[in-house]
>>> print(open('query.txt').read())   # compact mmCIF, C-alpha atoms
# COMPACT_ATOMS: atom_id res chain seq x y z
CA MET A 187 65.60 -162.59 40.83
CA SER A 188 66.98 -166.11 40.44
CA ARG A 189 64.90 -169.00 39.17
CA LEU A 190 66.01 -171.11 42.11
CA LEU A 191 64.68 -168.56 44.60
CA ILE A 192 61.32 -168.38 42.78
CA GLN A 193 61.04 -172.18 42.91
CA ASP A 194 62.06 -172.25 46.57
CA VAL A 195 59.41 -169.72 47.59
CA ALA A 196 56.77 -171.62 45.61
CA ARG A 197 57.76 -174.86 47.39
CA ARG A 198 57.48 -173.14 50.78
CA LEU A 199 53.97 -171.90 50.00
CA LEU A 200 52.87 -175.32 48.73
CA ALA A 201 54.25 -176.97 51.85
CA ALA A 202 52.42 -174.46 54.05
CA GLU A 203 49.14 -175.17 52.28
CA ARG A 204 49.57 -178.94 52.49
CA SER A 205 50.67 -179.00 56.12
CA GLY A 206 48.40 -176.24 57.43
CA THR A 207 51.43 -174.55 58.96
CA PRO A 208 51.93 -170.94 57.83
CA ILE A 209 55.30 -169.44 56.99
CA GLU A 210 56.95 -166.08 57.46
CA PRO A 211 56.27 -163.36 54.84
CA VAL A 212 57.85 -164.23 51.52
CA ALA A 213 58.43 -160.55 50.78
CA ASP A 214 61.41 -160.93 53.12
CA LEU A 215 62.92 -163.15 50.42
CA LEU A 216 61.54 -161.58 47.24
CA GLY A 217 61.68 -157.92 48.18
CA ALA A 218 58.77 -155.83 49.42
CA ASP A 219 58.22 -154.11 46.06
CA ASP A 220 59.13 -156.82 43.54
CA LEU A 221 55.74 -157.59 41.95
CA THR A 222 57.45 -159.30 39.00
CA ALA A 223 59.04 -161.84 41.33
CA ALA A 224 55.74 -162.30 43.18
CA TYR A 225 53.86 -163.11 39.97
CA ALA A 226 56.70 -165.43 38.95
CA VAL A 227 56.10 -167.41 42.15
CA GLN A 228 52.37 -167.47 41.44
CA ALA A 229 53.08 -168.75 37.91
CA GLU A 230 55.24 -171.49 39.42
CA LEU A 231 52.35 -172.53 41.67
CA LEU A 232 49.98 -172.51 38.69
CA ALA A 233 52.33 -174.69 36.66
CA SER A 234 52.67 -177.08 39.57
CA GLY A 235 48.90 -177.36 39.88
CA LEU A 236 48.44 -178.01 36.17
CA ALA A 237 51.20 -180.62 36.22
CA ALA A 238 49.37 -182.36 39.07
CA GLY A 239 46.22 -182.60 36.94
CA ARG A 240 44.29 -179.66 38.36
CA ARG A 241 42.01 -177.81 35.92
CA LEU A 242 42.21 -174.03 35.55
CA VAL A 243 38.69 -172.55 35.33
CA GLY A 244 39.28 -168.82 35.70
CA ARG A 245 40.79 -165.99 37.69
CA LYS A 246 40.06 -164.00 40.80
CA ILE A 247 40.64 -160.29 41.21
CA GLY A 248 41.73 -159.28 44.67
CA LEU A 249 42.12 -156.07 46.61
CA THR A 250 39.49 -154.17 44.65
CA SER A 251 37.77 -152.79 47.73
CA LYS A 252 39.26 -149.81 49.55
CA VAL A 253 38.07 -151.37 52.81
CA VAL A 254 39.85 -154.66 52.08
CA GLN A 255 42.97 -152.80 50.92
CA ALA A 256 42.96 -151.00 54.27
CA GLN A 257 42.44 -154.30 56.10
CA LEU A 258 45.54 -155.77 54.44
CA GLY A 259 47.67 -152.65 54.09
CA VAL A 260 47.91 -152.64 50.28
CA ASP A 261 46.98 -150.05 47.66
CA GLN A 262 46.35 -151.85 44.35
CA PRO A 263 44.46 -154.83 42.93
CA ASP A 264 46.00 -158.18 42.15
CA TYR A 265 44.91 -161.49 40.62
CA GLY A 266 45.13 -165.22 41.22
CA ALA A 267 44.14 -168.51 39.58
CA LEU A 268 40.96 -170.51 40.16
CA PHE A 269 41.08 -174.29 39.88
CA ALA A 270 38.02 -176.51 39.52
CA ASP A 271 38.80 -178.30 42.80
CA MET A 272 38.52 -175.00 44.70
CA GLU A 273 34.76 -174.79 44.12
CA ILE A 274 32.32 -175.57 46.93
CA GLU A 275 28.68 -176.18 46.03
CA ASP A 276 26.23 -173.40 46.83
CA GLY A 277 24.73 -174.26 50.21
CA GLY A 278 27.37 -176.91 50.74
CA MET A 279 29.84 -177.58 53.51
CA LEU A 280 33.51 -176.65 53.41
CA ALA A 281 35.88 -178.82 55.42
CA CYS A 282 38.27 -176.61 57.37
CA ASP A 283 40.99 -179.20 57.90
CA ARG A 284 43.22 -177.82 55.15
CA LEU A 285 42.58 -174.14 55.79
CA ILE A 286 44.81 -172.08 58.05
CA GLN A 287 43.16 -168.74 58.83
CA PRO A 288 40.17 -168.40 56.48
CA ARG A 289 38.14 -165.31 55.76
CA ILE A 290 35.15 -164.85 53.47
CA GLU A 291 33.80 -162.11 51.22
CA ALA A 292 30.83 -161.69 48.89
CA GLU A 293 31.43 -160.95 45.22
CA LEU A 294 29.97 -160.98 41.73
CA ALA A 295 31.30 -163.53 39.26
CA PHE A 296 31.40 -163.06 35.48
CA VAL A 297 31.29 -165.99 33.07
CA LEU A 298 32.83 -165.11 29.71
CA GLY A 299 31.37 -166.07 26.37
CA ARG A 300 34.27 -164.79 24.26
CA ASP A 301 38.06 -164.58 24.43
CA LEU A 302 39.60 -161.26 25.45
CA MET A 303 42.95 -161.28 23.69
CA SER A 304 44.01 -157.63 23.48
CA PRO A 305 45.95 -155.66 26.12
CA ASP A 306 43.92 -152.61 25.10
CA VAL A 307 40.54 -154.31 25.15
CA ALA A 308 37.78 -151.72 25.37
CA LEU A 309 34.98 -151.64 27.93
CA TRP A 310 32.36 -152.26 25.24
CA GLU A 311 34.28 -155.34 24.12
CA LEU A 312 34.32 -156.65 27.67
CA ILE A 313 30.59 -156.01 28.03
CA GLY A 314 29.97 -157.99 24.86
CA ALA A 315 32.14 -160.83 26.14
CA VAL A 316 30.33 -161.32 29.47
CA ASP A 317 27.78 -164.07 29.01
CA HIS A 318 26.23 -163.87 32.47
CA VAL A 319 26.82 -162.79 36.06
CA LEU A 320 26.41 -164.85 39.24
CA PRO A 321 26.50 -164.15 42.98
CA ALA A 322 29.56 -165.64 44.63
CA LEU A 323 31.53 -166.08 47.82
CA GLU A 324 35.30 -166.26 47.94
CA ILE A 325 37.03 -167.95 50.83
CA VAL A 326 40.45 -166.42 51.18
CA ASP A 327 43.26 -167.87 53.27
CA SER A 328 46.82 -166.77 53.80
CA ARG A 329 49.69 -169.20 54.01
CA ILE A 330 51.57 -166.35 55.73
CA THR A 331 51.63 -166.29 59.52
CA GLY A 332 48.98 -164.04 61.06
CA TRP A 333 48.00 -162.47 57.72
CA ARG A 334 51.17 -160.34 58.01
CA ILE A 335 51.12 -159.68 54.30
CA GLY A 336 51.96 -156.97 51.83
CA ILE A 337 51.20 -156.89 48.12
CA VAL A 338 54.14 -159.19 47.26
CA ASP A 339 53.05 -161.82 49.80
CA THR A 340 49.46 -162.02 48.61
CA ILE A 341 50.38 -162.07 44.92
CA ALA A 342 52.90 -164.87 45.42
CA ASP A 343 50.32 -166.76 47.50
CA ASN A 344 47.87 -166.93 44.55
CA GLY A 345 46.04 -163.82 45.64
CA SER A 346 45.44 -165.43 49.06
CA SER A 347 42.72 -167.50 47.41
CA ALA A 348 41.50 -170.82 48.79
CA ARG A 349 37.93 -171.77 47.78
CA PHE A 350 34.91 -170.22 46.07
CA VAL A 351 31.15 -170.68 45.91
CA VAL A 352 29.02 -169.67 42.93
CA GLY A 353 25.26 -169.16 43.15
CA ALA A 354 22.72 -170.63 40.75
CA ASN A 355 20.83 -167.50 39.70
CA PRO A 356 22.51 -166.16 36.53
CA LYS A 357 21.74 -162.68 35.26
CA ARG A 358 22.58 -160.79 32.10
CA LEU A 359 24.43 -157.51 32.45
CA THR A 360 21.29 -155.74 31.28
CA ASP A 361 19.19 -157.32 34.05
CA VAL A 362 20.86 -155.64 37.03
CA ALA A 363 22.69 -152.47 38.08
CA LEU A 364 26.04 -153.88 39.13
CA ASP A 365 27.40 -150.71 40.68
CA SER A 366 24.43 -150.01 42.95
CA CYS A 367 23.37 -153.53 43.95
CA ALA A 368 23.42 -153.84 47.74
CA MET A 369 25.18 -156.72 49.49
CA THR A 370 24.64 -158.12 52.97
CA LEU A 371 26.75 -160.97 54.34
CA ALA A 372 25.48 -162.75 57.45
CA ARG A 373 27.30 -165.19 59.73
CA ASN A 374 24.95 -167.46 61.68
CA ASP A 375 22.08 -165.09 60.80
CA GLU A 376 23.91 -162.01 62.11
CA THR A 377 24.95 -159.34 59.62
CA THR A 378 28.73 -159.07 59.55
CA SER A 379 29.52 -157.22 56.29
CA GLN A 380 27.66 -154.83 54.02
CA GLY A 381 28.52 -153.09 50.78
CA SER A 382 27.60 -152.70 47.13
CA GLY A 383 28.94 -153.12 43.64
CA ALA A 384 30.51 -149.68 43.81
CA ALA A 385 32.97 -151.01 46.43
CA CYS A 386 34.64 -153.03 43.65
CA LEU A 387 36.86 -150.37 42.02
CA GLY A 388 33.74 -148.26 41.56
CA HIS A 389 32.07 -150.90 39.35
CA PRO A 390 32.69 -154.66 38.88
CA LEU A 391 33.14 -154.05 35.15
CA LYS A 392 36.07 -151.74 35.90
CA ALA A 393 37.71 -154.49 37.92
CA ALA A 394 37.12 -157.02 35.15
CA LEU A 395 38.50 -154.61 32.55
CA TRP A 396 41.67 -154.17 34.60
CA LEU A 397 42.04 -157.95 34.75
CA ALA A 398 41.34 -158.50 31.04
CA ARG A 399 43.98 -155.98 30.03
CA THR A 400 46.49 -157.23 32.60
CA MET A 401 46.09 -160.89 31.65
CA ALA A 402 46.34 -160.16 27.93
CA ALA A 403 49.51 -158.14 28.50
CA SER A 404 50.97 -161.01 30.53
CA GLY A 405 50.43 -163.49 27.67
CA ALA A 406 47.67 -165.42 29.46
CA PRO A 407 44.46 -163.76 28.19
CA LEU A 408 41.01 -164.52 29.54
CA ARG A 409 39.15 -167.09 27.45
CA ALA A 410 35.55 -168.00 26.69
CA GLY A 411 34.16 -170.07 29.53
CA ASP A 412 36.42 -168.49 32.16
CA LEU A 413 34.96 -167.62 35.55
CA VAL A 414 36.08 -164.25 36.88
CA LEU A 415 35.58 -163.34 40.54
CA THR A 416 35.52 -159.56 40.35
CA GLY A 417 36.36 -158.66 43.95
CA ALA A 418 34.86 -157.98 47.35
CA LEU A 419 31.67 -155.95 47.68
CA GLY A 420 32.40 -155.28 51.34
CA PRO A 421 34.81 -156.07 54.19
CA MET A 422 36.20 -159.57 54.65
CA VAL A 423 34.96 -161.56 57.64
CA ASP A 424 36.87 -164.13 59.70
CA ALA A 425 35.48 -167.66 59.49
CA GLN A 426 35.82 -170.77 61.60
CA ALA A 427 34.36 -174.26 61.94
CA GLY A 428 30.64 -174.17 62.70
CA ASP A 429 29.98 -170.87 60.92
CA ARG A 430 27.20 -170.55 58.35
CA PHE A 431 27.47 -167.70 55.85
CA ARG A 432 24.78 -166.36 53.56
CA ALA A 433 25.21 -163.41 51.22
CA GLU A 434 22.24 -161.57 49.76
CA ILE A 435 23.07 -159.48 46.69
CA GLU A 436 20.32 -157.26 45.33
CA GLY A 437 18.99 -158.61 42.06
CA PHE A 438 20.78 -161.96 42.45
CA GLY A 439 19.29 -163.59 45.51
CA ALA A 440 21.47 -165.53 47.92
CA VAL A 441 24.59 -167.69 47.94
CA SER A 442 25.69 -169.61 51.03
CA VAL A 443 28.22 -171.99 52.54
CA GLU A 444 28.85 -173.71 55.88
CA PHE A 445 32.23 -174.26 57.49
CA GLY A 446 32.45 -177.81 58.80
CA ALA A 447 34.71 -179.35 61.41
>>> encode(input="query.txt", output="structure tokens")
Amino acid sequence: MSRLLIQDVARRLLAAERSGTPIEPVADLLGADDLTAAYAVQAELLASGLAAGRRLVGRKIGLTSKVVQAQLGVDQPDYGALFADMEIEDGGMLACDRLIQPRIEAELAFVLGRDLMSPDVALWELIGAVDHVLPALEIVDSRITGWRIGIVDTIADNGSSARFVVGANPKRLTDVALDSCAMTLARNDETTSQGSGAACLGHPLKAALWLARTMAASGAPLRAGDLVLTGALGPMVDAQAGDRFRAEIEGFGAVSVEFGA
């Protein structure tokens, strides 16, 4: 795959995000199965963001839920980058003017206290590296027309990530049962999505372990202080201006956001 094509696809995705006008699937250009090319485009977007002064604060894991995989027609997890300017305050309002076709999902977020440098990092090492866990919401958005995406499209498009919200009730891993904690996501006080920690690759720690090993193998290991969104605990929900979302996650309390005009 040529460098010029990678740069061209990255420019198309950036232009779509800035203009609010989606583009046709980029897998048509990169190849439907070329994950290497897709991550190369994502790396180009990351470099562009850093060059523009954006601050990298962590990573998101996507496609960890079988339900979400079925919604999007993919069969494996992926990852994307989180920048500081993507965060919306818990209980705050998200302006929709730069979003195209947003959806929302409830997750658990890990904050790391140690670097995870090895591609064969063990589960016990990961457990020791997690400083605390927080409830979270991820607002996903596709720069691809009509969410007509495959795995290559969503990877290239930074894991279809757009914004995130982190709650203010931190817990230690020993305080809660991450695999069995129940989640309820309500839109305007009506339940729209339900699930549990087990929906996230069987356990959020399994998702985080996959990410830690994958990032270390790629030469960009997870570091102390990184925020890791571990993946959806239930189905994604469409969102639009005027919607209020509140997720209740057992043992963590609530995290919420409102979609403004």
>>> residues_around(input="query.txt", residues="Met401 in chain A", least_positions_apart="4", cutoff="10 Å", atoms="only C-alpha atoms", output="number ranges by chain")
A: 245, 265, 302-305, 395-397, 405-408
>>> closest_residue(input="query.txt", among="A:Met272, A:Ala223, A:Ala229, A:Cys282", to="Gly446 in chain A", atoms="all atoms listed in the file")
A:Cys282
>>> closest_residue(input="query.txt", among="A:Ala342, A:Val297, A:Leu280, A:Leu216", to="Ala196 in chain A", atoms="all atoms listed in the file")
A:Ala342
>>> residues_around(input="query.txt", residues="Ser379 in chain A", least_positions_apart="5", cutoff="10 Å", atoms="all atoms listed in the file", output="list of chain:residue names")
A:Ile290, A:Glu291, A:Ala292, A:Met369, A:Thr370, A:Leu371, A:Ala372, A:Arg373, A:Leu419, A:Gly420, A:Pro421, A:Met422, A:Val423, A:Ala433
>>> atom_distance(input="query.txt", atom1="CA of Arg329 in chain A", atom2="CA of Val212 in chain A")
9.9 Å
>>> atom_distance(input="query.txt", atom1="CA of Ile335 in chain A", atom2="CA of Pro211 in chain A")
6.4 Å
>>> atom_distance(input="query.txt", atom1="CA of Trp333 in chain A", atom2="CA of Glu444 in chain A")
22.3 Å
>>> residues_around(input="query.txt", residues="Ala440 in chain A", least_positions_apart="4", cutoff="8 Å", atoms="all atoms listed in the file", output="number ranges by chain")
A: 321, 353, 432-435
>>> residues_around(input="query.txt", residues="range 236-240 of chain A", least_positions_apart="6", cutoff="12 Å", atoms="all atoms listed in the file", output="mmCIF file with C-alpha atoms, in the frame of the given file")
data_model
loop_
_atom_site.group_PDB
_atom_site.id
_atom_site.type_symbol
_atom_site.label_atom_id
_atom_site.label_comp_id
_atom_site.auth_asym_id
_atom_site.auth_seq_id
_atom_site.Cartn_x
_atom_site.Cartn_y
_atom_site.Cartn_z
ATOM 1 C CA ALA A 229 53.080 -168.750 37.910
ATOM 2 C CA GLU A 230 55.240 -171.490 39.420
ATOM 3 C CA ALA A 267 44.140 -168.510 39.580
ATOM 4 C CA LEU A 268 40.960 -170.510 40.160
ATOM 5 C CA PHE A 269 41.080 -174.290 39.880
ATOM 6 C CA ALA A 270 38.020 -176.510 39.520
ATOM 7 C CA ASP A 271 38.800 -178.300 42.800
ATOM 8 C CA MET A 272 38.520 -175.000 44.700
#
>>> closest_residue(input="query.txt", among="A:Ile192, A:Ala427, A:Ile330, A:Leu320", to="Leu364 in chain A", atoms="all atoms listed in the file")
A:Leu320
>>> closest_residue(input="query.txt", among="A:Asp412, A:Asp214, A:Asp283, A:Asp219", to="Ala447 in chain A", atoms="all atoms listed in the file")
A:Asp283
>>> closest_residue(input="query.txt", among="A:Ala394, A:Ala418, A:Gly428, A:Thr400", to="Ser251 in chain A", atoms="all atoms listed in the file")
A:Ala418
>>> residues_around(input="query.txt", residues="Ala224 in chain A", least_positions_apart="2", cutoff="9 Å", atoms="only C-alpha atoms", output="NGL selection string")
:A and (192 or 212-213 or 216-217 or 220-222 or 226-229 or 337-343)
>>> write_last_selection(input="query.txt", atoms="C-alpha atoms", output="CSV table (one decimal), in the coordinates of the input")
chain,number,residue,atom,x,y,z
A,192,ILE,CA,61.3,-168.4,42.8
A,212,VAL,CA,57.8,-164.2,51.5
A,213,ALA,CA,58.4,-160.6,50.8
A,216,LEU,CA,61.5,-161.6,47.2
A,217,GLY,CA,61.7,-157.9,48.2
A,220,ASP,CA,59.1,-156.8,43.5
A,221,LEU,CA,55.7,-157.6,42.0
A,222,THR,CA,57.4,-159.3,39.0
A,226,ALA,CA,56.7,-165.4,39.0
A,227,VAL,CA,56.1,-167.4,42.2
A,228,GLN,CA,52.4,-167.5,41.4
A,229,ALA,CA,53.1,-168.8,37.9
A,337,ILE,CA,51.2,-156.9,48.1
A,338,VAL,CA,54.1,-159.2,47.3
A,339,ASP,CA,53.0,-161.8,49.8
A,340,THR,CA,49.5,-162.0,48.6
A,341,ILE,CA,50.4,-162.1,44.9
A,342,ALA,CA,52.9,-164.9,45.4
A,343,ASP,CA,50.3,-166.8,47.5
